[in-house]
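Undergrad: Take this structure, written in structure tokens, and hold onto it; I'll ask about it next.
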Amino acid sequence: MKIAGGNGRSREGGRMTPAGEDYLMRIYVLSGEGREPVRIKELSDDLGVSPSSASRMASSMSARGLVNFRRYGYITLTGEGRQLGEYLVWRRDVLIRFLTALRGDRDVEKEAETAEHCLFRDTVRAMEVFLEHWDGDSLTVSGE
């Protein structure tokens with residue numbers, strides 16, 4: 001899958017925080033890949049944070065040009081926000097598939113959540129290429 005745009009950076013070029021990436025990815029998913037507006041309450045419930053925390057993060061993302069948001073209103077993704085959200089979901093998916101290939105049936109969600117924020121696009125793409133060419137034989141390492 002080729003992802004246009006979206007490299008973990010906002011329009012100003014500053015790197016997003018891991019929390020910012022998590023919020024944006026959840027907005028992307030909750031909005032049906034950017035097609036529908038998301039309520040602050042829906043976002044805060046999904047992330048397990050207070051509505052005021054979700055509102056502050058939405059305001060910050062709005063200032064970066066990633067979402068459209070007015071206090072107490074709906075959140076909608078901008079074109080840039082949609083591209084970055086798509087990238088974040090792709091990155092998570094590739095990492096989970098890669099870790100599952102390495103670790104077998106082991107639950108890798110928490111590990112992926114920690115590691116995903118540190119990976120460069122080229123590394124994720126290399127993982128994806130590996131998975132495309134991998135024959136499916138187990139790579140599980142024993143001894144833990």
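Naming works like this for the structure tokens: A, B, ... for the chains as they're shown, residue 1 at the start of each chain, ligands 1 onward in shown order.
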Leaving out segment 25-40 of chain A and any residue of its chain fewer than 2 positions from it, which residues lie within 10 Å of it when counting only C-alpha atoms, given as an MDAnalysis selection string?

TA: chainID A and resid 19:23 42:47 50:55 58 67:69 71:79 81:90 92

Undergrad: For the residues selected in the previous step, produce a file with C-alpha atoms as a PDB file, in the first residue's frame.

TA:
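Saved the output as part_1.pdb:
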ATOM      1  CA  ALA A  19      -0.296  11.105  22.215  1.00  0.00           C
ATOM      2  CA  GLY A  20      -1.059  13.383  19.265  1.00  0.00           C
ATOM      3  CA  GLU A  21      -0.545  10.492  16.869  1.00  0.00           C
ATOM      4  CA  ASP A  22      -2.864   8.304  18.966  1.00  0.00           C
ATOM      5  CA  TYR A  23      -5.572  10.963  18.973  1.00  0.00           C
ATOM      6  CA  GLU A  42     -17.070  10.036  21.332  1.00  0.00           C
ATOM      7  CA  LEU A  43     -13.311  10.634  21.089  1.00  0.00           C
ATOM      8  CA  SER A  44     -12.818  11.067  24.843  1.00  0.00           C
ATOM      9  CA  ASP A  45     -14.815   7.893  25.592  1.00  0.00           C
ATOM     10  CA  ASP A  46     -12.831   5.932  23.005  1.00  0.00           C
ATOM     11  CA  LEU A  47      -9.470   7.044  24.415  1.00  0.00           C
ATOM     12  CA  SER A  50     -11.767  13.576  29.837  1.00  0.00           C
ATOM     13  CA  PRO A  51     -13.695  15.628  27.262  1.00  0.00           C
ATOM     14  CA  SER A  52     -11.582  18.674  28.228  1.00  0.00           C
ATOM     15  CA  SER A  53      -8.365  16.757  27.424  1.00  0.00           C
ATOM     16  CA  ALA A  54      -9.784  15.652  24.082  1.00  0.00           C
ATOM     17  CA  SER A  55     -10.880  19.224  23.370  1.00  0.00           C
ATOM     18  CA  ALA A  58      -8.303  18.767  19.072  1.00  0.00           C
ATOM     19  CA  VAL A  67      -8.402  18.919  11.876  1.00  0.00           C
ATOM     20  CA  ASN A  68     -11.197  21.447  11.764  1.00  0.00           C
ATOM     21  CA  PHE A  69     -12.561  22.027  15.239  1.00  0.00           C
ATOM     22  CA  ARG A  71     -14.785  24.362  20.892  1.00  0.00           C
ATOM     23  CA  TYR A  72     -17.688  22.071  21.834  1.00  0.00           C
ATOM     24  CA  GLY A  73     -18.214  21.245  18.163  1.00  0.00           C
ATOM     25  CA  TYR A  74     -17.410  18.362  15.894  1.00  0.00           C
ATOM     26  CA  ILE A  75     -13.964  17.326  14.710  1.00  0.00           C
ATOM     27  CA  THR A  76     -13.392  16.780  10.996  1.00  0.00           C
ATOM     28  CA  LEU A  77     -10.105  15.876   9.359  1.00  0.00           C
ATOM     29  CA  THR A  78      -8.428  18.181   6.866  1.00  0.00           C
ATOM     30  CA  GLY A  79      -6.835  16.633   3.783  1.00  0.00           C
ATOM     31  CA  GLY A  81      -5.040  15.077   8.681  1.00  0.00           C
ATOM     32  CA  ARG A  82      -6.719  12.369   6.609  1.00  0.00           C
ATOM     33  CA  GLN A  83      -3.406  11.485   4.914  1.00  0.00           C
ATOM     34  CA  LEU A  84      -1.561  11.369   8.221  1.00  0.00           C
ATOM     35  CA  GLY A  85      -4.357   9.312   9.816  1.00  0.00           C
ATOM     36  CA  GLU A  86      -4.164   6.838   6.943  1.00  0.00           C
ATOM     37  CA  TYR A  87      -0.394   6.590   7.409  1.00  0.00           C
ATOM     38  CA  LEU A  88      -0.740   6.009  11.179  1.00  0.00           C
ATOM     39  CA  VAL A  89      -3.270   3.199  10.678  1.00  0.00           C
ATOM     40  CA  TRP A  90      -1.064   1.632   7.965  1.00  0.00           C
ATOM     41  CA  ARG A  92       0.147   0.163  13.123  1.00  0.00           C
TER      42      ARG A  92
END

Undergrad: Near Glu128 of chain A, counting only C-alpha atoms, which residues have an atom at most 9 Å away, once you skip same-chain residues fewer than 2 positions from it, shown as an NGL selection string?

TA: :A and (1 or 94-95 or 97-98 or 123-126 or 130-133)
